[in-house]
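J.: My questions all concern the structure below.
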Amino acid sequence: MKSLIVSICFICLTLLSFSQNRIHVVPKPRQVIEKNGEFRYSANTMIHTSPEFRETAAYLAEILGIPSKNIQPLKPGSKPASGIVLEKTPGQDSAAYRLSITDKKITALTAHPVGALYAAQTLAQISLTGTKGILPCAEISDEPRFAYRGLMLDVSRNFYPPEYVKKLLSLLSLYKINTFHWHLTDAAGWRLEIKKYPELTTRAAWRSSKTWKDWWFGKREYGNENDPKSYGGYYTQEQARDIVAFAKSRGITVIPEIEMPGHSDEVMAIYPHLRCDGAKGIPGELCIGNDSTFIFMQDVITEVMSIFPSTYIHIGGDEAGKGNWKTCSKCQKRIKDNNLKDEYELQSYSIRRMEKFISQKGRKLLGWDEILEGGLAPGSTVMSWRGERGGIEAANMNHDVIMTPGNYCYFDKYQQEPAGEPEAIGGYLNLQKVYSYEPIPAELEKAKQHFIKGAQANLWTEYIPSMEHLDYMIFPRIIALSEVLWSDPANRNWDEFKSRMYWQYGLLQKMNVNYCRPSDKVEIMPAIDPARKTTSIKLNTEQYKPEIRYTTDGSNPTATSALYTKEFEVAGSSMIKASVMRNGSSTRIDTLLIDFHKAIGRKVIYNKPWNNSYPAQKESTLVNGYKGTLTYQDGQWQGFTTDMDVVIDLGETQPISSVSGTFMQIIGPGVYMPDFVEVSISNDGNNFVTAGKSVNDVPTTDPKLSFKTFRVNLENLTGRYIRFYAKNHTGFLFADEIIVY
């Protein structure tokens, strides 16, 4: 009975907290002052608009269900006493707006149609997350933090029809995303009609296998349009122009991406004269020594610019292999004739040449951070995806930067535990991690911070064959990123954001969006104090104000277990179990073993260095008591591209019964289990005796994310130094903790 009363009180408090605030807009406006009262609208409500905002007025009328005949021009100097007023006012910031909602009328003041649209989107969200026909009284002033707020969609690996693209654009606009980066070409298919080169869409837009995975790991053959066995598709120039116009009406700029010089397999398949001398099979890189390559690219970009009026034209520039260039006589001649140092400068030559062509047309070149290699072309903007290092380097060179680091902005990763989730490329990026992102790096000096123009999410679609799956990967993560890019970071609060997301989920349901539902998983976050042998525990979940029950003795939580209200501390080794309770029952049980093993806090000597891109917690990583999560980018998994070879100093000679270490495998990005782990023991740190070996039994062809603990049991051995050696199979090797008993 006591448990029932507690649950009822908890539910009542939750409902009360929802009722206190009636405006649940995302991204959070700069300032919201809620007031008593409400504005009621109906089919009889009039909309008065300045001429410049007529299109926005029509959009708002459609959202609110007000007939278009009720839209009236706002005469200069007139002050309607009731209805909805969209009024142009002097100002500098085109995106800023002010809203005043009283019980008599709504007034939106802004200097620009973009600001009017954002005011309308705010009203639309208030309406769609509240009671139909009622808008609570409030004063709202708002403007964005960053000018560039984007999403990239790859339509090469899988093709999505124009109707879906428009639906997506409408949703992005609702959350004030203002840039749609359209990745139109790649090895899996060319997706834009180019009239001068019709075979790009009659042949290169089609492949022999329906799924990207079957095609990529198979023969990688291309098909033909109208062949019933082919998979693919493309956008005609008319369709692309229509999408660009629709995006503009929703305040969104469309940036096209045409890949060069790499990721061009589909081009090589139909135009073999653009290949390097001696290239075998279908290479991915265009021949830079061939003038025909630049004629082709300039012809293509010319048609692209006639379709897309965007300032930026994205040319890719990433992941170009250099092998064929090294053996191609034409490429080597280009290097010699232009006094280039190597193939990296050869790639830079191609980017600079295209940048010059694009800038002569009044546009700007945008490329992935590989365009820094060999020298950055003047006037180029860098999109930093391999972490933030490239963005920092470009900003320090006074170049504009769009941040899109993989560990925060790659939406092709799992957002919940892989078991039970639709297939993804791997990794782990949940909603809270996206929300925690700060686009301006701490190490970038203040004088250079203005070069960070914003950020974007990237969605590569190798494993996303359907529109429903695409929805699932984008939402709600793009909503979290929208707040990161729009709102004041000083006002960003995860728990308060979750309270607004409670209402946004209902809005997504109304919009028929197949979003990823908030997880019941409880994250158990420890802060270990090795000296005191105590651990402070925080519990967190995506649910808003959940009832979390926990235990510290390894027993399963029940409705009478301790209720989590704040951080708590446990002493020594223990097993924490926690669960979100619903109607007195556990939804799931999450567990964390706190284990004060012998190696915690001890000195670690690295015979081979970690990879600089994945240092984790550096020397303390492998003995800090923290287990890694589902992603190697969580700061607990330490990465190696060599064999892993470390020595742990236990401080004194003592008995050792077992040594173990956990590794992960996800072959998509090239992360593999070690072939074996070998443990050796020493008393002096110089002379080691092999104590045992653990061999890998996880297939290196298994694409699923997997984990394995390599354990070596020791009998009657003592020692002070432990050498832990893991043989790298290939690519990356990731380890999280070495446990010693």
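Lettering and numbering for the structure tokens are positional, with chains as A, B, ... in the shown order, residues counted from 1 in each chain, and ligands counted from 1 in the shown order.
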Considering only C-alpha atoms, return as an MDAnalysis selection string whatever protein or nucleic-acid residues lie within 8 Å of region 342-351 of chain A, sequence-local ones (same chain, fewer than 2 positions apart) excluded.

T.: chainID A and resid 261 288 317 322 325:326 331 334:335 340 353:355 371:377

J.: Using N, CA and C atoms, can you write the selected residues to a file as a short mmCIF file (atom, residue, chain, number, x, y, z; two decimals), in the first residue's frame?

T.:
data_model
loop_
_atom_site.label_atom_id
_atom_site.label_comp_id
_atom_site.auth_asym_id
_atom_site.auth_seq_id
_atom_site.Cartn_x
_atom_site.Cartn_y
_atom_site.Cartn_z
N PRO A 261 38.24 14.29 -55.37
CA PRO A 261 38.58 13.36 -56.44
C PRO A 261 38.33 11.90 -56.07
N ILE A 288 44.05 12.83 -61.60
CA ILE A 288 44.29 14.26 -61.51
C ILE A 288 45.25 14.73 -62.60
N GLY A 317 36.21 15.76 -51.29
CA GLY A 317 37.64 15.88 -51.01
C GLY A 317 38.15 14.93 -49.96
N LYS A 322 45.76 7.18 -52.55
CA LYS A 322 46.86 7.79 -53.32
C LYS A 322 47.62 6.76 -54.16
N TRP A 325 47.66 7.16 -58.02
CA TRP A 325 48.37 8.38 -58.41
C TRP A 325 49.88 8.17 -58.37
N LYS A 326 50.33 7.32 -57.45
CA LYS A 326 51.77 7.09 -57.32
C LYS A 326 52.35 6.37 -58.52
N CYS A 331 49.68 11.48 -63.60
CA CYS A 331 49.69 12.13 -62.28
C CYS A 331 51.11 12.52 -61.87
N ARG A 334 52.09 15.55 -63.66
CA ARG A 334 51.45 16.73 -63.07
C ARG A 334 52.23 17.19 -61.83
N ILE A 335 52.67 16.24 -61.02
CA ILE A 335 53.46 16.58 -59.83
C ILE A 335 54.75 17.28 -60.23
N LEU A 340 55.18 19.93 -57.30
CA LEU A 340 54.46 19.46 -56.12
C LEU A 340 55.33 18.48 -55.35
N ARG A 353 42.38 23.99 -57.87
CA ARG A 353 41.93 24.27 -59.23
C ARG A 353 40.41 24.38 -59.28
N MET A 354 39.72 23.49 -58.56
CA MET A 354 38.26 23.56 -58.52
C MET A 354 37.79 24.78 -57.72
N GLU A 355 38.52 25.12 -56.66
CA GLU A 355 38.16 26.30 -55.87
C GLU A 355 38.23 27.56 -56.72
N ILE A 371 40.71 18.35 -47.13
CA ILE A 371 41.19 19.38 -48.06
C ILE A 371 42.29 20.22 -47.43
N LEU A 372 42.53 20.03 -46.12
CA LEU A 372 43.67 20.68 -45.47
C LEU A 372 44.99 20.04 -45.88
N GLU A 373 44.94 18.76 -46.25
CA GLU A 373 46.17 18.02 -46.54
C GLU A 373 46.82 18.53 -47.82
N GLY A 374 48.07 18.84 -47.72
CA GLY A 374 48.80 19.35 -48.88
C GLY A 374 48.61 20.84 -49.08
N GLY A 375 47.89 21.51 -48.18
CA GLY A 375 47.68 22.95 -48.30
C GLY A 375 46.23 23.28 -48.61
N LEU A 376 45.67 24.24 -47.89
CA LEU A 376 44.27 24.60 -48.03
C LEU A 376 44.08 25.66 -49.10
N ALA A 377 43.13 25.41 -50.00
CA ALA A 377 42.85 26.37 -51.07
C ALA A 377 42.29 27.66 -50.48
#

J.: Which neighbours of Phe710 (chain A) fall inside 9 Å, counting only C-alpha atoms, when residues of the same chain fewer than 4 positions from it are skipped, and could you give them as a ChimeraX atom specification?

T.: /A:659-663,676-677,693-696

J.: Go ahead and write the selection's residues with N, CA, C and O atoms as a PDB file, in the first residue's frame.

T.:
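Result file follows (part-v8.pdb):
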ATOM      1  N   VAL A 659      44.469 -11.908 -14.679  1.00  0.00           N
ATOM      2  CA  VAL A 659      44.603 -10.625 -15.385  1.00  0.00           C
ATOM      3  C   VAL A 659      43.670 -10.680 -16.588  1.00  0.00           C
ATOM      4  O   VAL A 659      43.668 -11.669 -17.333  1.00  0.00           O
ATOM      5  N   SER A 660      42.873  -9.652 -16.763  1.00  0.00           N
ATOM      6  CA  SER A 660      41.953  -9.656 -17.902  1.00  0.00           C
ATOM      7  C   SER A 660      41.816  -8.258 -18.488  1.00  0.00           C
ATOM      8  O   SER A 660      42.076  -7.249 -17.820  1.00  0.00           O
ATOM      9  N   GLY A 661      41.392  -8.216 -19.728  1.00  0.00           N
ATOM     10  CA  GLY A 661      41.132  -6.953 -20.417  1.00  0.00           C
ATOM     11  C   GLY A 661      40.038  -7.157 -21.445  1.00  0.00           C
ATOM     12  O   GLY A 661      39.950  -8.231 -22.067  1.00  0.00           O
ATOM     13  N   THR A 662      39.185  -6.150 -21.618  1.00  0.00           N
ATOM     14  CA  THR A 662      38.062  -6.244 -22.555  1.00  0.00           C
ATOM     15  C   THR A 662      38.349  -5.424 -23.806  1.00  0.00           C
ATOM     16  O   THR A 662      38.859  -4.301 -23.726  1.00  0.00           O
ATOM     17  N   PHE A 663      37.972  -5.992 -24.951  1.00  0.00           N
ATOM     18  CA  PHE A 663      38.152  -5.335 -26.245  1.00  0.00           C
ATOM     19  C   PHE A 663      36.813  -5.347 -26.985  1.00  0.00           C
ATOM     20  O   PHE A 663      35.911  -6.121 -26.655  1.00  0.00           O
ATOM     21  N   PHE A 676      45.341 -12.299 -30.081  1.00  0.00           N
ATOM     22  CA  PHE A 676      45.511 -12.949 -28.779  1.00  0.00           C
ATOM     23  C   PHE A 676      46.001 -11.923 -27.768  1.00  0.00           C
ATOM     24  O   PHE A 676      46.458 -10.826 -28.132  1.00  0.00           O
ATOM     25  N   VAL A 677      45.881 -12.289 -26.505  1.00  0.00           N
ATOM     26  CA  VAL A 677      46.436 -11.502 -25.403  1.00  0.00           C
ATOM     27  C   VAL A 677      47.414 -12.384 -24.646  1.00  0.00           C
ATOM     28  O   VAL A 677      47.109 -13.551 -24.345  1.00  0.00           O
ATOM     29  N   LYS A 693      48.179 -17.134 -21.979  1.00  0.00           N
ATOM     30  CA  LYS A 693      47.748 -16.545 -23.244  1.00  0.00           C
ATOM     31  C   LYS A 693      46.262 -16.820 -23.438  1.00  0.00           C
ATOM     32  O   LYS A 693      45.764 -17.897 -23.093  1.00  0.00           O
ATOM     33  N   SER A 694      45.535 -15.835 -24.001  1.00  0.00           N
ATOM     34  CA  SER A 694      44.113 -15.994 -24.329  1.00  0.00           C
ATOM     35  C   SER A 694      43.927 -15.648 -25.798  1.00  0.00           C
ATOM     36  O   SER A 694      44.303 -14.555 -26.239  1.00  0.00           O
ATOM     37  N   VAL A 695      43.336 -16.592 -26.542  1.00  0.00           N
ATOM     38  CA  VAL A 695      43.241 -16.457 -27.999  1.00  0.00           C
ATOM     39  C   VAL A 695      41.825 -16.017 -28.387  1.00  0.00           C
ATOM     40  O   VAL A 695      40.833 -16.454 -27.787  1.00  0.00           O
ATOM     41  N   ASN A 696      41.734 -15.171 -29.399  1.00  0.00           N
ATOM     42  CA  ASN A 696      40.433 -14.678 -29.863  1.00  0.00           C
ATOM     43  C   ASN A 696      39.613 -15.785 -30.515  1.00  0.00           C
ATOM     44  O   ASN A 696      40.139 -16.584 -31.288  1.00  0.00           O
TER      45      ASN A 696
END

J.: Find the residue from A:Tyr175, A:Phe497, A:Tyr550, A:Tyr271 that sits nearest to Glu567 (chain A); use only C-alpha atoms when measuring.

T.: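 Under the stated criterion, the closest residue is A:Tyr550.
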
J.: When you count only C-alpha atoms, which of these residues is closest to Phe596 (chain A): A:Lys533, A:Arg157, A:Lys69, A:Arg220?

T.: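 Under the stated criterion, the closest residue is A:Lys533.
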